[in-house]
Structure formats: structure tokens, C-alpha cells
file coords-v7.cif (mmCIF, C-alpha atoms)
data_entry
loop_
_atom_site.label_atom_id
_atom_site.label_comp_id
_atom_site.auth_asym_id
_atom_site.auth_seq_id
_atom_site.Cartn_x
_atom_site.Cartn_y
_atom_site.Cartn_z
CA MET A 1087 -133.85 218.87 -20.97
CA GLU A 1088 -131.93 216.67 -18.56
CA TYR A 1089 -131.04 212.99 -18.86
CA GLU A 1090 -128.75 210.45 -17.20
CA VAL A 1091 -126.09 208.22 -18.73
CA TYR A 1092 -124.71 205.22 -16.83
CA PHE A 1093 -121.34 204.00 -18.11
CA VAL A 1094 -120.19 200.48 -17.23
CA ARG A 1095 -116.67 199.26 -17.87
CA HIS A 1096 -116.64 195.79 -19.44
CA GLY A 1097 -115.72 192.77 -17.32
CA GLN A 1098 -112.16 191.53 -16.93
CA THR A 1099 -110.61 190.01 -20.06
CA ILE A 1100 -107.64 187.76 -20.76
CA LEU A 1101 -105.56 190.78 -21.85
CA ASN A 1102 -106.56 192.63 -18.66
CA LEU A 1103 -105.47 189.62 -16.62
CA SER A 1104 -102.15 189.35 -18.46
CA HIS A 1105 -101.54 193.10 -18.03
CA ARG A 1106 -101.48 193.93 -21.73
CA MET A 1107 -102.63 196.96 -23.71
CA GLN A 1108 -106.16 196.53 -25.00
CA GLY A 1109 -107.66 199.32 -27.04
CA TRP A 1110 -109.10 198.41 -30.42
CA SER A 1111 -107.70 194.89 -30.00
CA ASP A 1112 -109.95 192.45 -28.17
CA SER A 1113 -109.93 189.35 -25.97
CA PRO A 1114 -112.57 187.19 -24.25
CA LEU A 1115 -114.02 187.76 -20.82
CA THR A 1116 -112.48 185.68 -18.05
CA THR A 1117 -114.58 183.87 -15.45
CA LYS A 1118 -114.12 186.91 -13.25
CA GLY A 1119 -115.14 189.11 -16.18
CA ILE A 1120 -118.45 187.27 -16.49
CA ASP A 1121 -118.93 187.72 -12.74
CA ASP A 1122 -118.09 191.45 -13.09
CA ALA A 1123 -120.88 191.79 -15.65
CA GLN A 1124 -123.38 189.88 -13.54
CA LYS A 1125 -122.61 192.04 -10.50
CA ALA A 1126 -123.00 195.24 -12.55
CA GLY A 1127 -126.34 194.02 -13.86
CA THR A 1128 -127.55 193.19 -10.36
CA LEU A 1129 -126.47 196.59 -9.04
CA LEU A 1130 -128.30 198.37 -11.87
CA LYS A 1131 -131.38 196.20 -11.33
CA ASP A 1132 -131.38 197.01 -7.60
CA LYS A 1133 -131.47 200.70 -8.49
CA ASN A 1134 -134.75 200.14 -10.42
CA LEU A 1135 -133.47 202.02 -13.45
CA ASN A 1136 -135.69 202.01 -16.51
CA PHE A 1137 -133.32 202.55 -19.43
CA SER A 1138 -134.68 204.22 -22.54
CA LYS A 1139 -131.89 202.74 -24.65
CA ILE A 1140 -128.78 200.62 -24.17
CA PHE A 1141 -125.58 201.31 -26.11
CA CYS A 1142 -122.31 199.43 -26.16
CA SER A 1143 -118.94 199.57 -27.83
CA ASP A 1144 -118.49 197.37 -30.87
CA THR A 1145 -115.81 195.24 -29.20
CA ASN A 1146 -116.75 191.68 -28.22
CA ARG A 1147 -115.75 192.26 -24.61
CA ALA A 1148 -118.16 195.18 -24.29
CA TYR A 1149 -120.96 193.43 -26.16
CA ASN A 1150 -120.65 190.22 -24.13
CA THR A 1151 -120.67 192.27 -20.92
CA CYS A 1152 -123.71 194.17 -22.18
CA LYS A 1153 -125.58 190.95 -23.03
CA ILE A 1154 -125.12 189.67 -19.48
CA ILE A 1155 -126.32 192.97 -18.02
CA ALA A 1156 -129.29 193.03 -20.40
CA GLU A 1157 -130.29 189.51 -19.37
CA THR A 1158 -130.18 190.54 -15.70
CA LEU A 1159 -132.38 193.55 -16.47
CA GLY A 1160 -134.79 191.52 -18.61
CA ILE A 1161 -133.90 193.42 -21.79
CA PRO A 1162 -133.70 191.53 -25.14
CA HIS A 1163 -130.30 191.37 -26.85
CA ASN A 1164 -131.90 192.89 -29.94
CA ASP A 1165 -132.39 196.13 -28.00
CA ILE A 1166 -128.62 196.64 -27.63
CA ASN A 1167 -127.33 199.42 -29.90
CA ILE A 1168 -123.74 198.69 -30.96
CA THR A 1169 -121.52 201.63 -31.94
CA PRO A 1170 -117.81 202.28 -32.56
CA PHE A 1171 -118.20 205.72 -31.03
CA PHE A 1172 -117.78 204.32 -27.49
CA ARG A 1173 -114.90 202.00 -28.39
CA GLU A 1174 -111.70 202.22 -26.34
CA GLN A 1175 -108.81 204.50 -27.29
CA CYS A 1176 -106.63 203.07 -30.06
CA TYR A 1177 -103.00 202.43 -29.02
CA GLY A 1178 -101.71 201.57 -32.50
CA TYR A 1179 -98.40 199.70 -32.45
CA PHE A 1180 -98.70 199.16 -28.70
CA GLU A 1181 -101.89 197.08 -28.89
CA GLY A 1182 -101.25 193.79 -27.08
CA HIS A 1183 -97.92 194.93 -25.60
CA ASN A 1184 -97.12 194.61 -21.92
CA VAL A 1185 -98.61 197.61 -20.10
CA ASP A 1186 -95.50 198.47 -18.04
CA ASP A 1187 -93.17 198.20 -21.04
CA THR A 1188 -95.49 200.37 -23.14
CA TRP A 1189 -95.66 203.25 -20.69
CA ARG A 1190 -91.92 203.02 -20.06
CA ILE A 1191 -91.29 203.53 -23.79
CA ILE A 1192 -93.79 206.38 -24.06
CA GLY A 1193 -92.97 208.10 -20.79
CA LEU A 1194 -89.21 207.75 -20.38
CA PRO A 1195 -88.39 210.89 -22.43
CA TYR A 1196 -90.62 212.82 -20.01
CA GLY A 1197 -89.16 211.32 -16.85
CA LYS A 1198 -92.23 209.18 -16.07
CA THR A 1199 -92.62 205.47 -16.69
CA CYS A 1200 -96.20 204.64 -15.70
CA PHE A 1201 -99.54 205.76 -17.07
CA LEU A 1202 -100.99 207.39 -13.96
CA ASP A 1203 -97.76 209.33 -13.27
CA LEU A 1204 -97.83 210.63 -16.83
CA VAL A 1205 -101.49 211.60 -16.51
CA SER A 1206 -100.87 213.32 -13.18
CA GLU A 1207 -97.97 215.35 -14.55
CA TYR A 1208 -99.07 216.13 -18.11
CA GLY A 1209 -102.81 215.42 -18.35
CA ILE A 1210 -104.47 212.56 -20.17
CA ASP A 1211 -104.94 214.65 -23.33
CA ASN A 1212 -101.18 215.16 -23.65
CA VAL A 1213 -100.52 211.49 -22.89
CA ARG A 1214 -102.67 210.55 -25.88
CA ASN A 1215 -100.63 212.89 -28.05
CA MET A 1216 -97.38 211.43 -26.69
CA THR A 1217 -98.60 207.95 -27.62
CA LYS A 1218 -99.45 209.06 -31.15
CA ARG A 1219 -96.03 210.67 -31.62
CA VAL A 1220 -94.06 207.50 -30.82
CA ASP A 1221 -96.37 205.05 -32.62
CA PRO A 1222 -94.28 203.74 -35.56
CA ILE A 1223 -97.39 202.74 -37.54
CA SER A 1224 -99.17 206.06 -36.83
CA ILE A 1225 -102.63 204.67 -36.09
CA ALA A 1226 -102.79 205.42 -32.36
CA GLU A 1227 -105.43 208.06 -31.64
CA ASN A 1228 -104.28 211.50 -30.56
CA ASP A 1229 -106.50 213.60 -28.31
CA SER A 1230 -108.33 215.33 -31.14
CA GLU A 1231 -109.09 212.06 -32.93
CA PHE A 1232 -110.24 210.40 -29.73
CA TRP A 1233 -112.66 213.18 -28.72
CA SER A 1234 -114.00 213.59 -32.23
CA ARG A 1235 -115.17 209.97 -32.04
CA ILE A 1236 -116.43 210.07 -28.45
CA ASN A 1237 -118.37 213.28 -29.04
CA LYS A 1238 -120.20 211.52 -31.87
CA GLY A 1239 -121.31 209.01 -29.25
CA PHE A 1240 -122.64 211.77 -27.02
CA GLY A 1241 -124.34 213.24 -30.07
CA LEU A 1242 -125.97 209.90 -30.82
CA ILE A 1243 -127.45 209.76 -27.33
CA LYS A 1244 -128.58 213.38 -27.50
CA SER A 1245 -130.34 212.74 -30.82
CA VAL A 1246 -132.74 210.28 -29.17
CA ALA A 1247 -132.92 211.71 -25.64
CA GLN A 1248 -136.07 212.99 -24.00
CA ASP A 1249 -136.31 214.78 -20.67
CA LYS A 1250 -135.63 212.44 -17.69
CA ASP A 1251 -134.43 209.57 -19.91
CA LYS A 1252 -131.84 207.12 -18.62
CA PHE A 1253 -129.26 205.47 -20.87
CA LEU A 1254 -126.80 202.63 -20.33
CA VAL A 1255 -123.45 202.57 -22.14
CA VAL A 1256 -121.12 199.58 -21.78
CA SER A 1257 -117.65 200.74 -22.66
CA HIS A 1258 -114.00 200.83 -21.60
CA GLY A 1259 -111.65 201.92 -18.85
CA THR A 1260 -109.55 204.65 -20.46
CA MET A 1261 -112.59 206.02 -22.26
CA ILE A 1262 -114.57 206.35 -19.01
CA PHE A 1263 -111.48 207.66 -17.18
CA SER A 1264 -111.06 210.31 -19.90
CA ILE A 1265 -114.67 211.45 -19.60
CA VAL A 1266 -114.36 211.76 -15.84
CA LYS A 1267 -111.03 213.59 -16.17
CA LYS A 1268 -112.71 216.10 -18.49
CA TYR A 1269 -115.98 216.62 -16.64
CA GLY A 1270 -115.51 215.28 -13.11
CA ASN A 1271 -113.73 218.20 -11.41
CA GLY A 1272 -111.16 215.87 -9.82
CA ILE A 1273 -113.66 213.24 -8.71
CA ASP A 1274 -111.50 210.42 -10.16
CA LYS A 1275 -108.51 211.03 -7.83
CA ASN A 1276 -106.31 209.61 -10.61
CA ILE A 1277 -107.72 206.09 -10.19
CA GLU A 1278 -108.72 204.06 -13.24
CA PRO A 1279 -112.20 202.48 -13.20
CA LEU A 1280 -112.52 198.84 -12.18
CA ASN A 1281 -113.92 196.18 -14.47
CA GLY A 1282 -117.70 196.12 -14.08
CA SER A 1283 -117.81 199.47 -12.29
CA ILE A 1284 -120.56 202.03 -12.88
CA THR A 1285 -120.12 205.75 -13.52
CA LYS A 1286 -123.10 208.09 -13.72
CA LEU A 1287 -123.34 211.31 -15.75
CA THR A 1288 -126.14 213.86 -15.77
CA ILE A 1289 -126.39 215.89 -18.98
CA ASN A 1290 -128.33 219.12 -18.86
CA ASP A 1291 -128.47 221.44 -21.90
CA SER A 1292 -125.20 219.91 -23.19
CA LYS A 1293 -123.45 220.41 -19.81
CA ILE A 1294 -122.01 217.14 -18.52
CA ASN A 1295 -121.71 216.48 -14.78
CA VAL A 1296 -120.24 213.37 -13.13
CA ASP A 1297 -122.50 212.26 -10.27
CA PHE A 1298 -120.43 209.26 -9.21
CA TYR A 1299 -117.48 207.26 -10.51
CA ASN A 1300 -116.23 203.70 -10.29
CA MET A 1301 -119.10 202.30 -8.21
CA ILE A 1302 -119.02 198.53 -7.65
CA SER A 1303 -121.46 198.12 -4.76
#

call {"tool": "encode", "arguments": {"input": "coords-v7.cif", "output": "C-alpha cells"}}
result
Amino acid sequence: MEYEVYFVRHGQTILNLSHRMQGWSDSPLTTKGIDDAQKAGTLLKDKNLNFSKIFCSDTNRAYNTCKIIAETLGIPHNDINITPFFREQCYGYFEGHNVDDTWRIIGLPYGKTCFLDLVSEYGIDNVRNMTKRVDPISIAENDSEFWSRINKGFGLIKSVAQDKDKFLVVSHGTMIFSIVKKYGNGIDKNIEPLNGSITKLTINDSKINVDFYNMIS
């Protein structure tokens, strides 16, 4: 059995615009964020994709992005399946903090002060564990906790999948980046996905392949 999963990162939000950490915390879509969602919907519509099911993270930013895409595709809002399994990584104490300040705090003991430099040197799995270790309230997700949740999302899709099905998942930047880091064989080139971008996976007998990443046109 083989099926396709199209991941879309939600549109730009106020916290994205203000360069702040946004994991399990939430903020509204900006005007650009609404436009990001509309463009993603148009791009998916132009590809004539017939989705078997649509899933989205249980954050408002993902759901509002998904609603706009669904409207563009002519799919009722009631057909959207909302799940915490595709929610963004939890950053614990650092939720809402300035992005640069956060990664300086986490990375300085390792000689790196920005997220992508840390990922390049130590791998995104270790960066999650670093974040957990310095979180004073101990609710940030480590790598094991993160993948335990995300794999439940993949299991949810697999439980309803039929051969040649296509699924849409509206989710988050670090989550999509993590999937591509794990299964993309370097396709990401250490670049985070843009708001409203599309990433395609093909899943065949539980093997995950990344067909393309971060597509916006």
C-alpha cells in the first residue's frame, strides 16, 4: 500500500511576525498569514488533488489556515479532523520568548547561539533534548516525547489509509522541519519551511520518503 501526505505550514501569525517562540502557545494569523493560506489552497487546487481526509493541528493558527484551504478546495469545515498529534513542539518556559534570546540561552553552553547552527552541529533531536534540560518548568518536549506524539499522528493516518489515498495535514514549521530532517536525506538544506509552504511525503509499507519540501509556487 502506498499513499501521499501533503503537509502545509500554517500562515504567518503575530508571534511569527514579532519573532517569538510559538509552540503550544498560539496567536492569530496576520493579513499575510491569511494570504499564505489562500495561496497554499490555490496551489493545492491547481494540482487537482482529491484528498481522502484532511487533518490539522489543534492550534487556532493551524485550524484557521486549514479552514481557508478547505474553502478554496470546496471542502466543508466539518470534514477537518483536528488532532493534537500534529501540534508544534512544546518549548515550555520559552513559549512566547524572543527567538534570538531563547536560542542564545539554550545554545551558549555549546558554543552556538542560533537554532540552525545548533541543528547543523548537533542535530535537531539533540537540540530538543538541550531545550528540555534547561527548561525551568520542565514541560518542554524532549526528542522522545516529541516523536511519541508525532508517530501517533502517522499512525492515525495509516489507520484510515487505502492504496493511492492522498491526505492533507496543516501543521507547523519545526514539526515539518523535523520530519524532513528525519526522512529527507538532506533535502532540507538546513532551511526552515516558510509559512504556507507545502511538503509532500510518500509512505509505502511504513517507509516514509520526502518528495519535495517547502514549495510555495

call {"tool": "closest_residue", "arguments": {"input": "coords-v7.cif", "among": "A:Thr1151, A:Asn1215, A:Thr1099, A:Ser1206", "to": "A:Thr1117", "atoms": "all atoms listed in the file"}}
result
A:Thr1099

call {"tool": "closest_residue", "arguments": {"input": "coords-v7.cif", "among": "A:Arg1147, A:Lys1125, A:Arg1219, A:Lys1238", "to": "A:Gly1282", "atoms": "all atoms listed in the file"}}
result
A:Lys1125

call {"tool": "resolve_selection", "arguments": {"input": "coords-v7.cif", "expression": "the PyMOL selection byres ((chain A and resi 1251-1257) around 10)", "output": "MDAnalysis selection string"}}
result
chainID A and resid 1087:1097 1123 1130 1135:1145 1147:1153 1155:1156 1166:1168 1171:1174 1239 1243 1246:1250 1258:1262 1282 1284:1288

call {"tool": "resolve_selection", "arguments": {"input": "coords-v7.cif", "expression": "the PyMOL selection byres ((chain A and resi 1194-1196) around 12)", "output": "list of chain:residue names"}}
result
A:Asp1186, A:Asp1187, A:Thr1188, A:Trp1189, A:Arg1190, A:Ile1191, A:Ile1192, A:Gly1193, A:Gly1197, A:Lys1198, A:Thr1199, A:Cys1200, A:Phe1201, A:Asp1203, A:Leu1204, A:Val1205, A:Glu1207, A:Tyr1208, A:Asn1212, A:Val1213, A:Met1216, A:Thr1217, A:Arg1219, A:Val1220

call {"tool": "closest_residue", "arguments": {"input": "coords-v7.cif", "among": "A:Ile1265, A:His1163, A:Ile1236, A:Asn1281", "to": "A:Leu1115", "atoms": "all atoms listed in the file"}}
result
A:Asn1281

call {"tool": "resolve_selection", "arguments": {"input": "coords-v7.cif", "expression": "the PyMOL selection byres ((chain A and resi 1181) around 7)", "output": "ChimeraX atom specification"}}
result
/A:1107-1109,1111,1177-1180,1182-1183

call {"tool": "closest_residue", "arguments": {"input": "coords-v7.cif", "among": "A:Leu1280, A:Asn1134, A:Pro1222, A:Gly1270", "to": "A:Asn1102", "atoms": "only C-alpha atoms"}}
result
A:Leu1280

call {"tool": "closest_residue", "arguments": {"input": "coords-v7.cif", "among": "A:Asn1228, A:Asn1237, A:Thr1158, A:Asn1271", "to": "A:Ala1126", "atoms": "all atoms listed in the file"}}
result
A:Thr1158

call {"tool": "atom_distance", "arguments": {"input": "coords-v7.cif", "atom1": "atom CA of A:Gly1241", "atom2": "atom CA of A:Tyr1269"}}
result
16.2 Å

call {"tool": "closest_atom_pairs", "arguments": {"input": "coords-v7.cif", "of": "stretch 1231-1267 of chain A", "to": "stretch 1272-1279 of chain A", "cutoff": "7 Å", "atoms": "only C-alpha atoms", "output": "Markdown table"}}
result
| residue | atom | partner | partner_atom | distance |
| --- | --- | --- | --- | --- |
| A:Gly1259 | CA | A:Pro1279 | CA | 5.7 |
| A:Phe1263 | CA | A:Glu1278 | CA | 6.0 |
| A:Val1266 | CA | A:Asp1274 | CA | 6.5 |
| A:Lys1267 | CA | A:Gly1272 | CA | 6.7 |

call {"tool": "atom_distance", "arguments": {"input": "coords-v7.cif", "atom1": "atom CA of A:His1105", "atom2": "atom CA of A:Glu1227"}}
result
20.6 Å

call {"tool": "atom_distance", "arguments": {"input": "coords-v7.cif", "atom1": "atom CA of A:Phe1240", "atom2": "atom CA of A:Asp1221"}}
result
27.7 Å

call {"tool": "closest_residue", "arguments": {"input": "coords-v7.cif", "among": "A:Asp1291, A:Arg1214, A:Pro1170, A:Lys1118", "to": "A:Leu1242", "atoms": "only C-alpha atoms"}}
result
A:Pro1170

call {"tool": "axis_aligned_box", "arguments": {"input": "coords-v7.cif", "around": "stretch 1105-1109 of chain A", "padding_each_side": "8 Å", "output": "JSON"}}
result
{"center_x": -104.6, "center_y": 196.2, "center_z": -22.5, "size_x": 22.2, "size_y": 22.2, "size_z": 25.0}
